[in-house]
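Colleague: So that we are looking at the same thing, I have put the structure below in structure tokens.
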Amino acid sequence: MSHHLLVAGGGGPVIPNFGKPSACLKHNGWFCTDWLREHWSDILQPALVQHIQLTLIAVGIGFAISFALALVGFRFRWADPPLGVFSDFLYTIPSLALFQLLVPITGVTVTTVEVALTSYTFFVLYRNIVAGLEGVPDEVLESARGMGLTRVQTFLRVELPLAMPAILAGLRIATVSTISIATVAAFLIQDGLGAPIFDAIETPDLFKTELLAAGALAILLALTADGLLAAVQRALTPWSRLR
């Protein structure tokens with residue numbers, strides 16, 4: 001993750017050598033716009049796209065697995081406590097430690113990162129899905145049965161829609177937390193916004209522009225994802241707004 005380095009005249013800071021440095025780069029300024037313009041397409045944009053891919057894969061797989069496990073825990077109540085404890089246990093493992101545990105199995109690959117990121121989504125998604133399903137009032141279920149709905153119809157038409165606010169709230173939290181944790185993936189692979197962040201940190205005297213730019217993109221990505229999912233939540237659950 002190292003760059004070629006140059007030392008600014010007069011014993012100034014050591015900064016990455018990205019070509020002829022501007023005055024801002026020579027003094028390792030906090031936000032050098034010329035560096036941003038020059039390296040958006042070859043550093044920041046690819047890292048942003050990779051970060052989005054890492055997040056979508058982890059949250060997508062995590063949601064599918066969590067939903068299936070939540071159905072098991074909701075249908076068979078004896079299975080809920082052990083499944084909940086398992087999701088809690090995975091969430092308590094530090095990300096770097098989990099990477100190290102997975103490397104002997106899946107190697108230094110994107111798969112290792114995705115397995116770790118996916119496991120961290122279980123804690124929020126499983127709990128929220130089960131809580132949403134359990135929060136459906138009994139009288140509503142009795143009314144559905146009185147209308148002659150089958151068990152599957154009751155689940156699809158009544159339980160799942162009423163549980164949707166809690167499910168989508170969990171999805172929002174899981175997505176934002178995955179975007180944050182995914183920056184640590186650069187400890188293992190050169191993918192995502194963590195790569196320029198690690199590069200900036202490893203540069204002598206800390207290359208501020210790259211650090212701030214990549215960090216700001218990660219924050220903006222999290223805020224954008226949360227805003228989009230909030231809009232989806234409002235669109236799918238209009239009754240929750242009226243309530």
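In the structure tokens, chains take letters A, B, ... by order of appearance, with residues numbered from 1 within each chain and ligands from 1 in the order shown.
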Using only C-alpha atoms, I'd like a table of the residues in region 191-225 of chain A that come within 6 Å of region 37-51 of chain A; for each, show the closest atom pair and its distance in Å rounded to one decimal, ordered by chain and ascending number, as CSV.
Modeller:
residue,atom,partner,partner_atom,distance
A:Asp191,CA,A:Gln50,CA,5.9
A:Gly192,CA,A:His51,CA,4.1
A:Leu193,CA,A:Ala47,CA,4.9
Colleague: Among region 31-201 of chain A, which residues carry a DSSP assignment of alpha helix (DSSP H), reported as a ChimeraX atom specification?
Modeller: /A:33-39,45-75,80-92,95-106,110-134,138-146,151-154,160-181,194-201
Colleague: Using DSSP secondary structure from the backbone, list all strand (DSSP E or B) positions within region 6-236 of chain A, as a list in words.
Modeller: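 Written out, the strand (DSSP E or B) residues of region 6-236 of chain A are Leu6, Val7, Val14, Ile15 and Pro16 of chain A.
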Colleague: Which residues are near Leu117 (chain A)? Cut-off 9 Å, only C-alpha atoms, ignore same chain within fewer than 5 positions. Put them as a list in words.
Modeller: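 In the requested format, the answer is Leu54, Thr55, Ala58, Val59, Gly62, Ser95, Thr112, Thr178, Ile181, Ala182 and Ala185 of chain A.
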Colleague: Could you dump the residues just selected with N, CA, C and O atoms as an mmCIF file, in the first residue's frame?
Modeller:
data_model
loop_
_atom_site.group_PDB
_atom_site.id
_atom_site.type_symbol
_atom_site.label_atom_id
_atom_site.label_comp_id
_atom_site.auth_asym_id
_atom_site.auth_seq_id
_atom_site.Cartn_x
_atom_site.Cartn_y
_atom_site.Cartn_z
ATOM 1 N N LEU A 54 -18.736 -4.349 -1.913
ATOM 2 C CA LEU A 54 -18.530 -5.087 -0.671
ATOM 3 C C LEU A 54 -19.765 -5.015 0.218
ATOM 4 O O LEU A 54 -20.196 -6.018 0.802
ATOM 5 N N THR A 55 -20.342 -3.830 0.305
ATOM 6 C CA THR A 55 -21.497 -3.628 1.179
ATOM 7 C C THR A 55 -22.728 -4.348 0.650
ATOM 8 O O THR A 55 -23.441 -5.031 1.410
ATOM 9 N N ALA A 58 -22.432 -8.196 1.121
ATOM 10 C CA ALA A 58 -22.516 -8.606 2.521
ATOM 11 C C ALA A 58 -23.929 -8.436 3.071
ATOM 12 O O ALA A 58 -24.473 -9.348 3.721
ATOM 13 N N VAL A 59 -24.539 -7.288 2.809
ATOM 14 C CA VAL A 59 -25.891 -7.040 3.333
ATOM 15 C C VAL A 59 -26.915 -7.935 2.638
ATOM 16 O O VAL A 59 -27.838 -8.446 3.283
ATOM 17 N N GLY A 62 -26.350 -11.450 3.957
ATOM 18 C CA GLY A 62 -26.690 -11.431 5.371
ATOM 19 C C GLY A 62 -28.189 -11.358 5.599
ATOM 20 O O GLY A 62 -28.726 -12.032 6.489
ATOM 21 N N SER A 95 -13.137 -7.316 14.194
ATOM 22 C CA SER A 95 -13.025 -7.582 12.765
ATOM 23 C C SER A 95 -11.647 -8.102 12.376
ATOM 24 O O SER A 95 -11.524 -9.053 11.595
ATOM 25 N N THR A 112 -12.938 -13.819 2.196
ATOM 26 C CA THR A 112 -12.688 -13.677 3.630
ATOM 27 C C THR A 112 -13.358 -12.425 4.176
ATOM 28 O O THR A 112 -14.013 -12.446 5.223
ATOM 29 N N THR A 178 -22.156 -1.883 8.120
ATOM 30 C CA THR A 178 -21.316 -2.622 7.175
ATOM 31 C C THR A 178 -20.422 -1.670 6.391
ATOM 32 O O THR A 178 -19.244 -1.967 6.146
ATOM 33 N N ILE A 181 -17.610 -0.830 8.825
ATOM 34 C CA ILE A 181 -16.679 -1.937 9.087
ATOM 35 C C ILE A 181 -15.888 -2.299 7.833
ATOM 36 O O ILE A 181 -14.739 -2.749 7.919
ATOM 37 N N ALA A 182 -16.476 -2.091 6.657
ATOM 38 C CA ALA A 182 -15.808 -2.464 5.403
ATOM 39 C C ALA A 182 -14.526 -1.683 5.172
ATOM 40 O O ALA A 182 -13.667 -2.121 4.392
ATOM 41 N N ALA A 185 -11.468 -3.616 5.795
ATOM 42 C CA ALA A 185 -11.104 -4.672 4.847
ATOM 43 C C ALA A 185 -9.750 -4.412 4.199
ATOM 44 O O ALA A 185 -9.070 -5.354 3.766
#
Colleague: Calculated over only C-alpha atoms, which of the candidates A:Val108, A:Ile65, A:Val115, A:Leu125 has the smallest distance to Ala169 (chain A)?
Modeller: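 Using only C-alpha atoms, the shortest distance to Ala169 (chain A) belongs to A:Leu125.
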